[in-house]
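Enquirer: Hey, dropping coords-v3.txt in here, compact mmCIF, C-alpha atoms:
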```txt
# COMPACT_ATOMS: atom_id res chain seq x y z
CA MET A 1 0.00 0.00 0.00
CA ILE A 2 1.15 3.53 -0.74
CA THR A 3 1.58 5.59 2.39
CA HIS A 4 2.58 9.16 3.05
CA GLY A 5 5.62 10.16 5.02
CA THR A 6 7.30 13.38 6.03
CA HIS A 7 9.57 14.57 3.28
CA PRO A 8 12.74 16.40 4.30
CA HIS A 9 12.55 18.87 1.45
CA ALA A 10 10.75 22.20 1.57
CA THR A 11 7.19 22.55 0.36
CA VAL A 12 8.32 24.84 -2.48
CA ARG A 13 10.68 22.19 -3.81
CA SER A 14 7.95 19.57 -3.55
CA TRP A 15 5.68 21.63 -5.78
CA LEU A 16 8.57 22.34 -8.15
CA GLY A 17 8.90 18.57 -8.41
CA VAL A 18 5.21 18.34 -9.29
CA ALA A 19 5.81 21.00 -11.95
CA ALA A 20 8.75 19.00 -13.35
CA ILE A 21 6.56 15.91 -13.62
CA THR A 22 3.87 18.00 -15.32
CA ALA A 23 6.49 19.22 -17.79
CA SER A 24 7.49 15.59 -18.37
CA LEU A 25 3.90 14.72 -19.21
CA PHE A 26 3.82 17.67 -21.61
CA ALA A 27 6.98 16.46 -23.35
CA PHE A 28 5.82 12.85 -23.62
CA LEU A 29 2.30 13.66 -24.79
CA THR A 30 3.29 16.25 -27.38
CA THR A 31 5.85 13.81 -28.78
CA GLU A 32 3.22 11.07 -28.94
CA LEU A 33 0.58 13.22 -30.64
CA MET A 34 2.77 15.59 -32.66
CA PRO A 35 2.03 13.66 -35.90
CA VAL A 36 -1.65 14.62 -35.43
CA GLY A 37 -0.84 18.25 -36.20
CA LEU A 38 1.81 17.34 -38.79
CA LEU A 39 0.03 14.44 -40.47
CA THR A 40 -0.41 16.04 -43.88
CA PRO A 41 3.12 17.48 -44.34
CA MET A 42 4.78 14.37 -42.90
CA SER A 43 2.83 12.06 -45.19
CA THR A 44 3.78 14.24 -48.18
CA SER A 45 7.46 14.46 -47.20
CA LEU A 46 7.77 10.74 -46.48
CA ARG A 47 5.72 9.85 -49.58
CA ILE A 48 3.07 7.83 -47.77
CA SER A 49 -0.72 8.01 -47.47
CA VAL A 50 -2.45 9.86 -44.64
CA GLY A 51 -3.67 6.53 -43.29
CA ALA A 52 -0.15 5.11 -43.28
CA ALA A 53 1.11 8.24 -41.54
CA GLY A 54 -1.37 7.51 -38.75
CA LEU A 55 0.75 4.45 -37.96
CA MET A 56 3.24 6.84 -36.34
CA VAL A 57 0.66 7.24 -33.61
CA THR A 58 -0.39 3.58 -33.78
CA LEU A 59 3.02 1.99 -33.18
CA TYR A 60 3.87 4.49 -30.45
CA GLY A 61 0.67 3.51 -28.69
CA VAL A 62 1.23 -0.23 -29.21
CA SER A 63 4.58 -0.24 -27.42
CA ALA A 64 3.39 2.21 -24.75
CA GLY A 65 0.40 0.01 -24.03
CA LEU A 66 1.60 -3.55 -24.33
CA GLY A 67 5.01 -3.08 -22.75
CA VAL A 68 4.17 -1.01 -19.69
CA PRO A 69 2.89 -3.68 -17.23
CA PHE A 70 6.03 -5.74 -17.78
CA ILE A 71 8.48 -2.83 -17.61
CA VAL A 72 6.84 -1.33 -14.52
CA ALA A 73 6.99 -4.72 -12.79
CA TRP A 74 10.59 -5.39 -13.86
CA THR A 75 11.68 -1.93 -12.63
CA ARG A 76 9.62 -2.07 -9.43
CA ARG A 77 12.75 -1.75 -7.27
CA VAL A 78 14.30 1.09 -9.31
CA ASN A 79 14.32 4.57 -7.77
CA ARG A 80 11.55 6.49 -9.52
CA ARG A 81 13.65 9.63 -10.06
CA VAL A 82 16.31 7.54 -11.80
CA LEU A 83 13.68 5.77 -13.87
CA LEU A 84 12.01 9.02 -14.98
CA SER A 85 15.38 10.54 -15.87
CA THR A 86 16.16 7.50 -18.03
CA LEU A 87 12.80 7.76 -19.77
CA LEU A 88 13.43 11.42 -20.61
CA ALA A 89 16.86 10.57 -22.02
CA ILE A 90 15.20 8.04 -24.33
CA LEU A 91 12.64 10.67 -25.36
CA THR A 92 15.40 13.15 -26.22
CA LEU A 93 17.28 10.64 -28.34
CA GLY A 94 14.11 9.49 -30.08
CA ASN A 95 13.05 13.00 -31.06
CA THR A 96 16.53 13.68 -32.40
CA ILE A 97 16.55 10.51 -34.53
CA THR A 98 13.05 11.31 -35.83
CA ALA A 99 14.21 14.78 -36.88
CA ILE A 100 17.13 13.45 -38.95
CA SER A 101 15.58 10.17 -40.11
CA PRO A 102 16.00 9.65 -43.87
CA ASN A 103 13.00 7.36 -44.31
CA TYR A 104 9.63 6.26 -42.96
CA PRO A 105 10.66 2.81 -41.60
CA LEU A 106 13.27 4.40 -39.33
CA VAL A 107 10.69 6.92 -38.07
CA LEU A 108 8.31 4.06 -37.22
CA THR A 109 11.02 2.03 -35.49
CA THR A 110 12.13 5.01 -33.44
CA ARG A 111 8.60 5.83 -32.33
CA LEU A 112 8.03 2.19 -31.41
CA ILE A 113 10.97 2.35 -28.98
CA MET A 114 9.93 5.76 -27.66
CA GLY A 115 6.51 4.36 -26.93
CA PHE A 116 7.91 2.02 -24.27
CA ALA A 117 9.34 5.00 -22.40
CA SER A 118 6.11 6.95 -22.70
CA GLY A 119 4.02 4.08 -21.35
CA VAL A 120 6.17 3.70 -18.26
CA PHE A 121 5.92 7.43 -17.57
CA TRP A 122 2.12 7.30 -17.65
CA ALA A 123 2.18 4.47 -15.12
CA ILE A 124 4.52 6.16 -12.60
CA GLY A 125 4.15 9.91 -13.16
CA VAL A 126 0.94 10.66 -11.25
CA SER A 127 1.88 8.52 -8.25
CA MET A 128 5.31 10.22 -8.13
CA ALA A 129 3.67 13.64 -7.93
CA MET A 130 1.30 12.50 -5.21
CA ARG A 131 4.21 11.21 -3.16
CA LEU A 132 6.01 14.56 -3.25
CA VAL A 133 3.37 16.52 -1.34
CA ALA A 134 1.43 16.21 1.90
CA GLU A 135 -1.42 13.72 1.85
CA ARG A 136 -4.09 16.42 1.89
CA HIS A 137 -2.64 17.87 -1.32
CA ALA A 138 -2.24 14.58 -3.20
CA SER A 139 -5.38 14.96 -5.32
CA ARG A 140 -4.40 18.53 -6.21
CA ALA A 141 -0.95 17.32 -7.28
CA ALA A 142 -2.56 14.68 -9.51
CA ALA A 143 -4.82 17.31 -11.09
CA ILE A 144 -1.84 19.59 -11.74
CA VAL A 145 0.08 16.80 -13.46
CA MET A 146 -2.93 15.90 -15.59
CA SER A 147 -3.21 19.56 -16.60
CA GLY A 148 -0.12 18.82 -18.68
CA ILE A 149 -2.52 17.18 -21.12
CA SER A 150 -4.35 20.46 -21.58
CA ILE A 151 -1.11 22.42 -21.79
CA ALA A 152 0.06 20.05 -24.50
CA ALA A 153 -3.17 20.60 -26.41
CA VAL A 154 -3.24 24.39 -25.89
CA VAL A 155 0.47 25.05 -26.45
CA GLY A 156 2.42 21.99 -27.53
CA ILE A 157 0.57 20.55 -30.51
CA PRO A 158 -0.60 23.92 -31.94
CA VAL A 159 2.90 25.40 -31.54
CA GLY A 160 4.32 22.30 -33.20
CA THR A 161 1.90 22.83 -36.08
CA LEU A 162 2.90 26.49 -36.33
CA LEU A 163 6.62 25.67 -36.20
CA GLU A 164 6.15 23.15 -38.98
CA SER A 165 4.52 25.78 -41.18
CA LEU A 166 7.48 28.10 -40.55
CA THR A 167 10.42 25.71 -40.51
CA GLY A 168 9.39 22.16 -41.43
CA TRP A 169 8.44 19.06 -39.44
CA ARG A 170 12.04 17.89 -38.94
CA THR A 171 13.01 21.13 -37.22
CA THR A 172 9.92 20.82 -35.05
CA PHE A 173 11.03 17.44 -33.72
CA LEU A 174 14.55 18.78 -33.21
CA ILE A 175 13.16 21.62 -31.09
CA TRP A 176 11.22 19.07 -29.06
CA ALA A 177 14.44 17.15 -28.48
CA GLY A 178 15.88 20.31 -26.94
CA LEU A 179 12.76 20.71 -24.80
CA SER A 180 13.18 17.13 -23.58
CA VAL A 181 16.71 17.96 -22.44
CA LEU A 182 15.42 20.91 -20.39
CA VAL A 183 12.78 18.73 -18.72
CA PHE A 184 15.43 16.10 -17.97
CA LEU A 185 17.56 18.72 -16.21
CA ALA A 186 14.53 19.93 -14.21
CA VAL A 187 13.73 16.40 -13.03
CA VAL A 188 17.32 15.72 -11.98
CA THR A 189 17.53 19.06 -10.16
CA VAL A 190 14.27 19.36 -8.20
CA ILE A 191 12.86 15.86 -7.69
CA PRO A 192 14.26 14.10 -4.61
CA SER A 193 15.10 10.43 -4.40
CA LEU A 194 11.92 8.34 -4.57
CA PRO A 195 12.75 4.70 -3.78
CA SER A 196 10.12 2.26 -4.96
CA THR A 197 8.84 -0.08 -2.26
CA ASN A 198 5.47 -0.73 -3.92
CA ALA A 199 6.75 -3.96 -5.48
CA VAL A 200 4.16 -5.75 -7.62
CA SER A 201 5.12 -8.65 -9.86
CA VAL A 202 3.87 -9.11 -13.42
CA ARG A 203 1.61 -11.91 -12.26
CA GLU A 204 0.02 -9.72 -9.59
CA VAL A 205 -0.43 -6.84 -12.03
CA PHE A 206 -2.40 -8.94 -14.49
CA GLY A 207 -4.35 -10.56 -11.68
CA LEU A 208 -5.83 -7.25 -10.50
CA PRO A 209 -8.70 -6.94 -13.01
CA LEU A 210 -9.60 -10.61 -12.56
CA LYS A 211 -10.57 -10.11 -8.93
CA ASN A 212 -11.36 -6.38 -8.84
CA VAL A 213 -14.68 -5.77 -10.59
CA PRO A 214 -14.66 -1.93 -10.34
CA LEU A 215 -11.18 -1.78 -11.87
CA ARG A 216 -12.21 -4.13 -14.65
CA LEU A 217 -15.18 -1.93 -15.52
CA VAL A 218 -13.02 1.19 -15.53
CA LEU A 219 -10.62 -0.47 -17.97
CA PHE A 220 -13.47 -1.42 -20.31
CA THR A 221 -14.80 2.14 -20.35
CA VAL A 222 -11.29 3.48 -20.97
CA VAL A 223 -10.82 1.20 -23.98
CA LEU A 224 -14.08 2.33 -25.56
CA PHE A 225 -13.77 6.08 -25.10
CA VAL A 226 -10.09 6.16 -26.08
CA LEU A 227 -10.76 4.14 -29.24
CA GLY A 228 -13.45 6.60 -30.24
CA HIS A 229 -11.73 9.80 -29.15
CA PHE A 230 -8.30 9.15 -30.64
CA GLY A 231 -9.66 7.41 -33.71
CA ALA A 232 -11.31 10.71 -34.58
CA TYR A 233 -8.72 13.10 -33.10
CA THR A 234 -5.79 11.57 -34.98
CA PHE A 235 -7.42 12.64 -38.24
CA VAL A 236 -8.87 15.97 -37.15
CA ARG A 237 -6.56 17.97 -39.43
CA PRO A 238 -7.49 16.08 -42.62
CA TYR A 239 -11.16 16.31 -41.58
CA LEU A 240 -11.00 20.07 -41.12
CA GLU A 241 -9.13 20.45 -44.40
CA HIS A 242 -11.85 18.40 -46.08
CA SER A 243 -14.90 20.05 -44.51
CA ALA A 244 -13.95 23.69 -43.93
CA ALA A 245 -11.96 26.45 -45.63
CA THR A 246 -8.70 26.06 -43.74
CA THR A 247 -5.14 27.33 -43.63
CA PRO A 248 -2.25 26.12 -41.44
CA PHE A 249 -2.90 29.07 -39.12
CA PHE A 250 -6.57 28.14 -38.79
CA ILE A 251 -5.61 24.54 -37.96
CA THR A 252 -3.36 25.95 -35.24
CA ALA A 253 -6.20 28.13 -33.91
CA ALA A 254 -8.64 25.20 -33.95
CA LEU A 255 -6.25 22.97 -32.04
CA MET A 256 -5.67 25.77 -29.54
CA ALA A 257 -9.45 26.05 -29.05
CA TYR A 258 -9.51 22.33 -28.34
CA GLY A 259 -6.65 22.68 -25.89
CA ALA A 260 -8.16 25.71 -24.14
CA GLY A 261 -11.33 23.70 -23.71
CA GLY A 262 -9.27 20.86 -22.29
CA ALA A 263 -7.72 23.21 -19.73
CA ALA A 264 -11.18 24.41 -18.71
CA GLY A 265 -12.46 20.84 -18.47
CA ASN A 266 -9.49 19.79 -16.37
CA PHE A 267 -10.06 22.73 -14.03
CA VAL A 268 -13.75 21.89 -13.60
CA ALA A 269 -13.04 18.21 -13.09
CA GLY A 270 -10.45 19.06 -10.45
CA HIS A 271 -13.34 20.30 -8.32
CA THR A 272 -15.84 17.56 -9.14
CA VAL A 273 -13.99 14.26 -9.39
CA THR A 274 -13.21 14.02 -5.68
CA ARG A 275 -16.92 14.15 -4.89
CA ASN A 276 -18.22 12.10 -7.82
CA PRO A 277 -15.70 10.73 -10.34
CA ARG A 278 -18.23 8.47 -12.03
CA GLY A 279 -20.76 11.28 -12.47
CA SER A 280 -18.02 13.53 -13.84
CA PHE A 281 -17.02 10.84 -16.32
CA ILE A 282 -20.61 10.41 -17.51
CA VAL A 283 -21.05 14.13 -18.11
CA GLY A 284 -17.69 14.37 -19.88
CA CYS A 285 -18.35 11.32 -22.05
CA ALA A 286 -21.74 12.69 -23.05
CA GLY A 287 -19.90 15.85 -24.04
CA LEU A 288 -17.53 13.84 -26.24
CA VAL A 289 -20.46 12.34 -28.13
CA THR A 290 -22.08 15.75 -28.50
CA SER A 291 -18.90 17.45 -29.70
CA LEU A 292 -18.30 14.84 -32.40
CA LEU A 293 -21.89 15.24 -33.60
CA LEU A 294 -21.31 18.99 -33.69
CA LEU A 295 -18.19 18.39 -35.77
CA LEU A 296 -20.34 16.50 -38.27
CA THR A 297 -23.13 19.06 -38.41
CA ILE A 298 -21.73 22.58 -37.91
CA ALA A 299 -18.03 22.28 -38.74
CA HIS A 300 -18.44 23.16 -42.42
CA GLY A 301 -17.28 26.67 -41.58
CA GLN A 302 -14.51 27.99 -39.41
CA ALA A 303 -16.76 29.25 -36.58
CA GLY A 304 -18.54 25.90 -36.31
CA SER A 305 -15.23 24.05 -36.27
CA ILE A 306 -13.93 26.19 -33.41
CA ILE A 307 -17.11 25.61 -31.37
CA ALA A 308 -17.06 21.85 -31.94
CA LEU A 309 -13.38 21.54 -31.00
CA ALA A 310 -13.78 23.72 -27.90
CA VAL A 311 -16.64 21.51 -26.65
CA TRP A 312 -14.56 18.45 -27.52
CA GLY A 313 -11.65 19.78 -25.48
CA VAL A 314 -13.75 20.59 -22.41
CA SER A 315 -15.30 17.13 -22.50
CA PHE A 316 -11.99 15.36 -22.88
CA GLY A 317 -10.48 17.36 -20.01
CA VAL A 318 -13.27 16.15 -17.73
CA VAL A 319 -13.15 12.54 -18.92
CA GLN A 320 -9.38 12.28 -18.68
CA LEU A 321 -9.06 13.33 -15.04
CA SER A 322 -12.21 11.40 -14.11
CA GLN A 323 -10.92 8.09 -15.43
CA ILE A 324 -7.62 8.52 -13.55
CA THR A 325 -9.54 9.17 -10.34
CA MET A 326 -11.84 6.20 -11.01
CA THR A 327 -8.76 3.99 -11.41
CA GLN A 328 -7.34 5.20 -8.11
CA ALA A 329 -10.67 4.71 -6.35
CA ALA A 330 -10.95 1.17 -7.72
CA ALA A 331 -7.44 0.12 -6.57
CA PRO A 332 -6.13 2.55 -3.91
CA ASP A 333 -3.65 0.08 -2.43
CA THR A 334 -2.07 -0.87 -5.78
CA PHE A 335 -2.41 2.40 -7.66
CA GLU A 336 0.85 2.22 -9.62
CA ALA A 337 0.10 -1.35 -10.76
CA ALA A 338 -3.48 -0.38 -11.64
CA MET A 339 -2.14 2.62 -13.57
CA SER A 340 0.14 0.33 -15.57
CA LEU A 341 -2.97 -1.60 -16.65
CA ASN A 342 -4.78 1.66 -17.31
CA THR A 343 -1.84 2.80 -19.42
CA MET A 344 -1.83 -0.49 -21.32
CA ALA A 345 -5.55 -0.16 -22.07
CA TYR A 346 -5.27 3.53 -22.87
CA ASN A 347 -2.26 3.46 -25.18
CA THR A 348 -3.21 0.24 -26.93
CA SER A 349 -6.57 1.85 -27.63
CA ILE A 350 -4.83 4.96 -28.99
CA ALA A 351 -2.91 2.69 -31.33
CA LEU A 352 -5.96 0.75 -32.44
CA GLY A 353 -8.01 3.92 -32.76
CA ALA A 354 -5.39 5.44 -35.05
CA LEU A 355 -5.15 2.16 -37.00
CA PHE A 356 -8.91 1.76 -37.48
CA GLY A 357 -9.23 5.47 -38.18
CA GLY A 358 -6.58 5.18 -40.88
CA LEU A 359 -8.43 2.29 -42.51
CA PHE A 360 -11.68 4.24 -42.45
CA ALA A 361 -9.96 7.38 -43.77
CA ASP A 362 -8.27 5.58 -46.65
CA HIS A 363 -11.29 3.52 -47.71
CA LEU A 364 -14.40 5.48 -46.67
CA GLY A 365 -13.15 9.03 -46.24
CA VAL A 366 -12.28 11.09 -43.18
CA THR A 367 -15.93 11.77 -42.30
CA SER A 368 -16.38 8.08 -41.49
CA VAL A 369 -13.64 8.40 -38.85
CA VAL A 370 -15.75 10.91 -36.93
CA TRP A 371 -18.72 8.53 -37.01
CA PHE A 372 -16.40 5.85 -35.68
CA GLY A 373 -15.62 8.20 -32.79
CA VAL A 374 -19.31 8.85 -32.11
CA THR A 375 -20.09 5.14 -31.95
CA LEU A 376 -17.29 4.18 -29.56
CA THR A 377 -17.63 7.13 -27.17
CA ALA A 378 -21.38 6.49 -27.01
CA ALA A 379 -20.67 2.85 -26.16
CA SER A 380 -18.38 3.93 -23.30
CA LEU A 381 -21.08 6.25 -22.00
CA LEU A 382 -23.75 3.54 -22.12
CA LEU A 383 -21.47 1.03 -20.38
CA THR A 384 -20.77 3.45 -17.52
CA VAL A 385 -24.42 4.41 -17.09
CA GLY A 386 -25.56 0.79 -17.24
CA THR A 387 -23.12 -0.76 -14.75
CA ARG A 388 -23.72 1.28 -11.61
CA ARG A 389 -24.85 -1.63 -9.46
CA ARG A 390 -22.16 -4.01 -10.66
CA SER A 391 -19.39 -1.47 -10.18
CA SER A 392 -20.40 -0.92 -6.56
CA ARG A 393 -20.43 -4.61 -5.71
CA ALA A 394 -17.23 -6.61 -5.34
CA LEU A 395 -16.89 -10.32 -5.79
CA PRO A 396 -15.73 -12.44 -2.83
CA GLY A 397 -12.07 -11.73 -2.22
CA ASP A 398 -12.17 -8.41 -4.04
CA THR A 399 -10.68 -5.25 -2.64
CA PRO A 400 -13.69 -2.95 -2.21
CA ALA A 401 -13.48 0.30 -4.09
CA PRO A 402 -13.99 3.41 -1.98
CA THR A 403 -16.90 5.70 -2.77
CA ARG A 404 -14.54 8.67 -2.74
CA THR A 405 -11.10 9.12 -4.17
CA GLN A 406 -8.46 8.20 -1.62
CA PRO A 407 -5.22 10.13 -2.10
CA ALA A 408 -2.20 7.95 -2.64
CA GLY A 409 0.97 8.72 -0.79
CA ARG A 410 4.56 7.69 -0.46
CA ALA A 411 5.79 4.26 -1.37
```
Could you express the structure from this file as structure tokens?
Expert:
Amino acid sequence: MITHGTHPHATVRSWLGVAAITASLFAFLTTELMPVGLLTPMSTSLRISVGAAGLMVTLYGVSAGLGVPFIVAWTRRVNRRVLLSTLLAILTLGNTITAISPNYPLVLTTRLIMGFASGVFWAIGVSMAMRLVAERHASRAAAIVMSGISIAAVVGIPVGTLLESLTGWRTTFLIWAGLSVLVFLAVVTVIPSLPSTNAVSVREVFGLPLKNVPLRLVLFTVVLFVLGHFGAYTFVRPYLEHSAATTPFFITAALMAYGAGGAAGNFVAGHTVTRNPRGSFIVGCAGLVTSLLLLLTIAHGQAGSIIALAVWGVSFGVVQLSQITMTQAAAPDTFEAAMSLNTMAYNTSIALGALFGGLFADHLGVTSVVWFGVTLTAASLLLTVGTRRRSSRALPGDTPAPTRTQPAGRA
């Protein structure tokens, strides 16, 4: 079980550590999703189809998802500061190789390796932040770290898109390599030693959803909404180019509207998930369905596109923090292990969403990808609404899930 202790470092340094972990999330997420904003120019430069370019997101997600439970278990005795520093070094090298890669196969191979590092970060990052601060501030620390998702959407991906229009996609990845170095230095400087004593073997990790019904239901809902969300989001640029009068600067503005909405959604969810994570997830998931329908109906002009993406961002901000809190509530004593499973489900679904979206885009057109998103996010919503009684009842031998989020602490 994760427990809190008294940390010898000052409160200011603790929160600087939380900020460094948030910056790490920003670096990992923007690297993972950068091809979303650069999909068209990268596919042209590398002489591949838009659907094939989506594989840059797919393979990244495959390795991040499938590898994380094993790597987290194998590194369960490694100091978490050392592990995070190593992951950032891999990210830096991977962005550099991507920037100078002469061909598409090398880009795919590099992103496959980078995905392993990204997956491990998602499994350990939130729990690291929660360990740095006093127990009463643990949920706030988690919310701050997850705000890195919104920052990536508001700043990272749009800025990457803008940089590409000014300098080219290779320079954009090179700049992100430099950013990764800065985050690495911040982690080494401000995060104290965080020994890992929450040792969970691979066998125990995979055994969690078999005996923990609430966790199993959370993982199912995660798979469905991530498939739908990222299946559509990966191809948002080609969709906007197809349905509305667009320029690279408008694409940047639209992605910033999405990101600003995500920041707002994350802020709102930070105040609601502690009281009712499931209710927050339901509202956010309903918003995802609505926003995608808006994209289909009013996004034929620039104003409609901005509105649809802003609603989409708000909804995703709420859903993202809610599902993290639901995972913690379902397995408070094995949060890092549960997060490794969450990461596996999440990133594998990103990969499959991008893969299926690419198939739809290449064979049925980009509009069909949005309908794919509507169907899967609606399925996640219906599953959550329809399993209230089951999710509150544990099987014999289960670890009961608390009705409120319990802050995790120090390992």
Enquirer: Mind giving me the straight-line distance from atom CA of A:Asn266 to atom CA of A:Leu321 in Å, one decimal?
Expert: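 Value for the atom CA of A:Asn266-atom CA of A:Leu321 distance: 6.6 Å.
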Enquirer: Counting only C-alpha atoms, which residues have an atom no more than 9 Å from (10.7, 19.1, -6.4) in the file's coordinates? Please list them as a list in words.
Expert: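 Residues with an atom at most 9 Å from (10.7, 19.1, -6.4): His9, Ala10, Thr11, Val12, Arg13, Ser14, Trp15, Leu16, Gly17, Val18, Ala19, Ala20, Ile21, Leu132, Ala186, Val187, Thr189, Val190, Ile191 and Pro192 of chain A.
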Enquirer: Could you check which residues have any atom within 9 Å of (0.7, -1.4, -18.7), counting all atoms listed in the file with coordinates taken straight from the file, and then list them as a count of residues only?
Expert: 25
Enquirer: So which one's closest to A:Gly54, A:Thr22, A:Ser201, A:Asn103, A:Thr234? Using only C-alpha atoms, please.
Expert: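 Of A:Thr22, A:Ser201, A:Asn103, A:Thr234, the one nearest A:Gly54 is A:Thr234, counting only C-alpha atoms.
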Enquirer: Pick out the residues sitting within 12 Å of A:Val273, and hand them over as a ChimeraX atom specification; count only C-alpha atoms, and ignore anything fewer than 3 positions along from it in its own chain.
Expert: /A:139-140,142-143,265-270,276-284,317-329,403-406
Enquirer: Between A:Val181, A:Ala286, A:Ile175, A:Met256, which is the closest to A:Leu383 once you count all atoms listed in the file?
Expert: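 Answer, going by the shortest atom-to-atom distance: A:Ala286.
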Enquirer: For stretch 29-37 of chain A, work out the shell of residues within 9 Å, counting only C-alpha atoms and skipping chain neighbours fewer than 2 positions away, then give it as a ChimeraX atom specification.
Expert: /A:24-27,39-40,42,53-54,56-57,60-61,91,95,111,114-115,118,148-149,152-153,156-158,160-161,164,173,176,233-237,251-252,255
Enquirer: Which distance in Å separates atom CA of A:Val314 and atom CA of A:Ala260, to one decimal?
Expert: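 Atom CA of A:Val314 sits 7.8 Å away from atom CA of A:Ala260.
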Enquirer: I want to know what sits within 10 Å of A:Ala254, based on all atoms listed in the file, with residues of the same chain fewer than 5 positions away left out; could you give that as a PyMOL selection string?
Expert: chain A and resi 154+158+236-237+240+246+248-249+259-260+302-303+305-310
Enquirer: Distance atom CA of A:Leu293-atom CA of A:Tyr239, one decimal place?
Expert: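 Between atom CA of A:Leu293 and atom CA of A:Tyr239 the gap works out to 13.4 Å.
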